[in-house]
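For reference, model_31.pdb (PDB, C-alpha atoms):
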ATOM      1  CA  MET A   1     -65.265 -78.830-129.283  1.00  0.00           C
ATOM      2  CA  HIS A   2     -67.550 -78.446-126.280  1.00  0.00           C
ATOM      3  CA  ASP A   3     -69.435 -81.717-126.507  1.00  0.00           C
ATOM      4  CA  LEU A   4     -67.397 -84.591-125.052  1.00  0.00           C
ATOM      5  CA  TYR A   5     -69.878 -87.369-125.771  1.00  0.00           C
ATOM      6  CA  THR A   6     -70.256 -86.282-129.397  1.00  0.00           C
ATOM      7  CA  LEU A   7     -66.467 -86.390-129.723  1.00  0.00           C
ATOM      8  CA  ILE A   8     -66.433 -89.898-128.246  1.00  0.00           C
ATOM      9  CA  GLU A   9     -69.135 -90.958-130.733  1.00  0.00           C
ATOM     10  CA  LYS A  10     -66.921 -89.673-133.569  1.00  0.00           C
ATOM     11  CA  ILE A  11     -64.009 -91.661-132.171  1.00  0.00           C
ATOM     12  CA  LYS A  12     -66.241 -94.740-132.023  1.00  0.00           C
ATOM     13  CA  LYS A  13     -67.007 -94.396-135.750  1.00  0.00           C
ATOM     14  CA  ALA A  14     -63.350 -93.930-136.791  1.00  0.00           C
ATOM     15  CA  PRO A  15     -61.029 -94.827-133.912  1.00  0.00           C
ATOM     16  CA  SER A  16     -57.858 -95.116-136.001  1.00  0.00           C
ATOM     17  CA  MET A  17     -58.361 -91.621-137.385  1.00  0.00           C
ATOM     18  CA  TYR A  18     -58.448 -90.098-133.896  1.00  0.00           C
ATOM     19  CA  LEU A  19     -56.271 -92.515-131.919  1.00  0.00           C
ATOM     20  CA  GLY A  20     -53.791 -93.872-134.460  1.00  0.00           C
ATOM     21  CA  ARG A  21     -54.901 -97.435-133.696  1.00  0.00           C
ATOM     22  CA  ARG A  22     -57.831 -99.248-132.064  1.00  0.00           C
ATOM     23  CA  SER A  23     -56.600 -99.069-128.494  1.00  0.00           C
ATOM     24  CA  ILE A  24     -58.261 -98.274-125.196  1.00  0.00           C
ATOM     25  CA  ILE A  25     -54.928 -96.969-123.890  1.00  0.00           C
ATOM     26  CA  CYS A  26     -54.718 -94.560-126.840  1.00  0.00           C
ATOM     27  CA  LEU A  27     -58.286 -93.450-126.094  1.00  0.00           C
ATOM     28  CA  GLN A  28     -57.382 -92.790-122.479  1.00  0.00           C
ATOM     29  CA  ALA A  29     -54.351 -90.739-123.593  1.00  0.00           C
ATOM     30  CA  PHE A  30     -56.496 -88.822-126.097  1.00  0.00           C
ATOM     31  CA  LEU A  31     -59.125 -87.983-123.473  1.00  0.00           C
ATOM     32  CA  SER A  32     -56.456 -86.987-120.965  1.00  0.00           C
ATOM     33  CA  GLY A  33     -54.929 -84.674-123.558  1.00  0.00           C
ATOM     34  CA  TYR A  34     -58.363 -83.228-124.271  1.00  0.00           C
ATOM     35  CA  SER A  35     -58.850 -82.483-120.566  1.00  0.00           C
ATOM     36  CA  VAL A  36     -55.400 -80.955-120.155  1.00  0.00           C
ATOM     37  CA  ALA A  37     -55.880 -78.753-123.227  1.00  0.00           C
ATOM     38  CA  LYS A  38     -59.207 -77.449-121.929  1.00  0.00           C
ATOM     39  CA  TYR A  39     -57.663 -76.795-118.513  1.00  0.00           C
ATOM     40  CA  GLU A  40     -54.685 -74.973-120.053  1.00  0.00           C
ATOM     41  CA  LEU A  41     -57.103 -72.799-122.054  1.00  0.00           C
ATOM     42  CA  GLY A  42     -58.825 -71.888-118.794  1.00  0.00           C
ATOM     43  CA  GLU A  43     -62.147 -73.425-119.826  1.00  0.00           C
ATOM     44  CA  GLN A  44     -64.511 -74.738-117.177  1.00  0.00           C
ATOM     45  CA  PRO A  45     -65.647 -78.365-117.533  1.00  0.00           C
ATOM     46  CA  THR A  46     -68.987 -78.769-119.303  1.00  0.00           C
ATOM     47  CA  LYS A  47     -71.852 -80.761-117.793  1.00  0.00           C
ATOM     48  CA  GLN A  48     -70.853 -83.761-119.921  1.00  0.00           C
ATOM     49  CA  GLU A  49     -67.233 -83.506-118.807  1.00  0.00           C
ATOM     50  CA  ARG A  50     -68.296 -83.300-115.157  1.00  0.00           C
ATOM     51  CA  ASP A  51     -70.532 -86.320-115.759  1.00  0.00           C
ATOM     52  CA  PHE A  52     -67.650 -88.271-117.349  1.00  0.00           C
ATOM     53  CA  MET A  53     -65.490 -87.511-114.288  1.00  0.00           C
ATOM     54  CA  GLN A  54     -67.725 -90.030-112.471  1.00  0.00           C
ATOM     55  CA  PHE A  55     -66.915 -92.758-115.014  1.00  0.00           C
ATOM     56  CA  PRO A  56     -63.704 -94.064-113.326  1.00  0.00           C
ATOM     57  CA  GLU A  57     -65.460 -94.640-110.003  1.00  0.00           C
ATOM     58  CA  TRP A  58     -68.462 -96.168-111.792  1.00  0.00           C
ATOM     59  CA  ILE A  59     -66.093 -98.613-113.558  1.00  0.00           C
ATOM     60  CA  ARG A  60     -64.413 -99.532-110.260  1.00  0.00           C
ATOM     61  CA  LYS A  61     -67.815-100.304-108.727  1.00  0.00           C
ATOM     62  CA  LYS A  62     -69.020-102.171-111.819  1.00  0.00           C
ATOM     63  CA  PHE A  63     -65.996-104.489-111.785  1.00  0.00           C
ATOM     64  CA  SER A  64     -65.686-104.583-107.971  1.00  0.00           C
ATOM     65  CA  VAL A  65     -62.140-103.242-108.149  1.00  0.00           C
ATOM     66  CA  ASP A  66     -60.767-101.585-105.049  1.00  0.00           C
ATOM     67  CA  SER A  67     -57.552-100.080-106.395  1.00  0.00           C
ATOM     68  CA  SER A  68     -56.289 -96.968-108.072  1.00  0.00           C
ATOM     69  CA  GLN A  69     -56.102 -98.609-111.495  1.00  0.00           C
ATOM     70  CA  SER A  70     -57.336 -96.409-114.341  1.00  0.00           C
ATOM     71  CA  TRP A  71     -60.696 -97.114-115.963  1.00  0.00           C
ATOM     72  CA  ALA A  72     -58.825 -98.103-119.140  1.00  0.00           C
ATOM     73  CA  ASN A  73     -56.606-100.624-117.338  1.00  0.00           C
ATOM     74  CA  ILE A  74     -59.598-102.143-115.563  1.00  0.00           C
ATOM     75  CA  ILE A  75     -61.501-102.603-118.835  1.00  0.00           C
ATOM     76  CA  LEU A  76     -58.353-103.918-120.541  1.00  0.00           C
ATOM     77  CA  PHE A  77     -57.795-106.455-117.752  1.00  0.00           C
ATOM     78  CA  TYR A  78     -61.243-107.946-118.435  1.00  0.00           C
ATOM     79  CA  SER A  79     -60.787-107.965-122.231  1.00  0.00           C
ATOM     80  CA  GLU A  80     -58.830-110.068-124.715  1.00  0.00           C
ATOM     81  CA  ASP A  81     -56.826-107.194-126.157  1.00  0.00           C
ATOM     82  CA  GLU A  82     -56.781-103.402-126.554  1.00  0.00           C
ATOM     83  CA  SER A  83     -59.103-103.434-129.561  1.00  0.00           C
ATOM     84  CA  LYS A  84     -61.767-105.504-127.793  1.00  0.00           C
ATOM     85  CA  ALA A  85     -61.287-103.363-124.680  1.00  0.00           C
ATOM     86  CA  LEU A  86     -62.054-100.285-126.794  1.00  0.00           C
ATOM     87  CA  ASP A  87     -65.272-101.929-128.002  1.00  0.00           C
ATOM     88  CA  LYS A  88     -66.117-102.780-124.391  1.00  0.00           C
ATOM     89  CA  PHE A  89     -65.491 -99.143-123.388  1.00  0.00           C
ATOM     90  CA  PHE A  90     -68.146 -97.948-125.830  1.00  0.00           C
ATOM     91  CA  GLU A  91     -70.631-100.516-124.472  1.00  0.00           C
ATOM     92  CA  LEU A  92     -69.859 -99.503-120.899  1.00  0.00           C
ATOM     93  CA  LEU A  93     -70.099 -95.808-121.730  1.00  0.00           C
ATOM     94  CA  ASP A  94     -73.596 -96.364-123.133  1.00  0.00           C
ATOM     95  CA  GLU A  95     -74.541 -98.163-119.922  1.00  0.00           C
ATOM     96  CA  PHE A  96     -72.963 -95.368-117.855  1.00  0.00           C
ATOM     97  CA  MET A  97     -74.852 -92.684-119.771  1.00  0.00           C
ATOM     98  CA  ASN A  98     -78.125 -94.579-119.252  1.00  0.00           C
ATOM     99  CA  ARG A  99     -77.525 -95.200-115.563  1.00  0.00           C
ATOM    100  CA  ASN A 100     -80.274 -92.752-114.522  1.00  0.00           C
ATOM    101  CA  SER A 101     -82.953 -94.856-116.118  1.00  0.00           C
ATOM    102  CA  LEU A 102     -81.406 -98.003-114.603  1.00  0.00           C
ATOM    103  CA  ALA A 103     -80.549 -96.631-111.167  1.00  0.00           C
ATOM    104  CA  ASP A 104     -83.082 -93.936-110.338  1.00  0.00           C
ATOM    105  CA  SER A 105     -83.430 -95.284-106.828  1.00  0.00           C
ATOM    106  CA  SER A 106     -79.673 -95.383-106.184  1.00  0.00           C
ATOM    107  CA  GLY A 107     -79.294 -91.618-106.349  1.00  0.00           C
ATOM    108  CA  GLU A 108     -76.767 -91.626-109.211  1.00  0.00           C
ATOM    109  CA  LYS A 109     -76.988 -88.568-111.437  1.00  0.00           C
ATOM    110  CA  GLY A 110     -76.093 -88.275-115.089  1.00  0.00           C
ATOM    111  CA  LEU A 111     -77.276 -86.568-118.220  1.00  0.00           C
ATOM    112  CA  ASP A 112     -80.930 -85.767-118.671  1.00  0.00           C
ATOM    113  CA  ILE A 113     -82.855 -87.240-121.598  1.00  0.00           C
ATOM    114  CA  GLU A 114     -82.454 -84.211-123.867  1.00  0.00           C
ATOM    115  CA  GLU A 115     -78.672 -84.375-123.507  1.00  0.00           C
ATOM    116  CA  LYS A 116     -78.649 -88.093-124.293  1.00  0.00           C
ATOM    117  CA  VAL A 117     -80.757 -87.550-127.409  1.00  0.00           C
ATOM    118  CA  GLU A 118     -78.375 -84.825-128.568  1.00  0.00           C
ATOM    119  CA  VAL A 119     -75.359 -87.133-128.180  1.00  0.00           C
ATOM    120  CA  PHE A 120     -76.921 -89.826-130.361  1.00  0.00           C
ATOM    121  CA  ARG A 121     -78.200 -87.415-133.033  1.00  0.00           C
ATOM    122  CA  SER A 122     -74.714 -86.620-134.241  1.00  0.00           C
TER     123      SER A 122
END
Would you write the structure of this file as structure tokens?
Amino acid sequence: MHDLYTLIEKIKKAPSMYLGRRSIICLQAFLSGYSVAKYELGEQPTKQERDFMQFPEWIRKKFSVDSSQSWANIILFYSEDESKALDKFFELLDEFMNRNSLADSSGEKGLDIEEKVEVFRS
């Protein structure tokens, strides 16, 4: 699997199948395991994976959090429970992926339009 955002879209459609239960903490563990496995295999991060590495800092700025809390814990803190936090993650990820069109003047970089279209085709 070399397409992180396509994998996340698959998780969105069937979270319990991939995560065991609808939980943002399980998603964070899954994505951490994905990253560790790729590192252990000696694979270089893809453009999408490098883009996603900016997500934690983007979340901290979005929620005005100045701590080392994980992106998952920040989203969970502002949600009713882990299931709703998972739903919120998917909303925030969409916003994060579209940040170029929303923040062209801020200098933030993300995926180009062709990459975004490819993510939503699958």
What are the centre and edge lengths in Å, to one decimal, of the axis-aligned box around all listed atoms of region 59-62 of chain A with 3 Å added on each side, as lines of an AutoDock Vina configuration file?
center_x = -66.7
center_y = -100.4
center_z = -111.1
size_x = 10.6
size_y = 9.6
size_z = 10.8
Tell me which residues the PyMOL selection byres ((chain A and resi 26-31) around 12) grabs here, as number ranges by chain. A: 4-5, 7-8, 11-12, 14-25, 32-38, 49, 52-53, 56, 70-76, 82-83, 85-87, 89-90
Residue nearest Gln54 (chain A) among A:Leu93, A:Lys84, A:Tyr78, A:Lys13 (counting all atoms listed in the file): A:Leu93
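With CA of Lys61 (chain A) on one side and CA of Glu95 (chain A) on the other, the separation reads 13.2 Å.
You will find CA of Asp66 (chain A) at 18.7 Å from CA of Phe96 (chain A).
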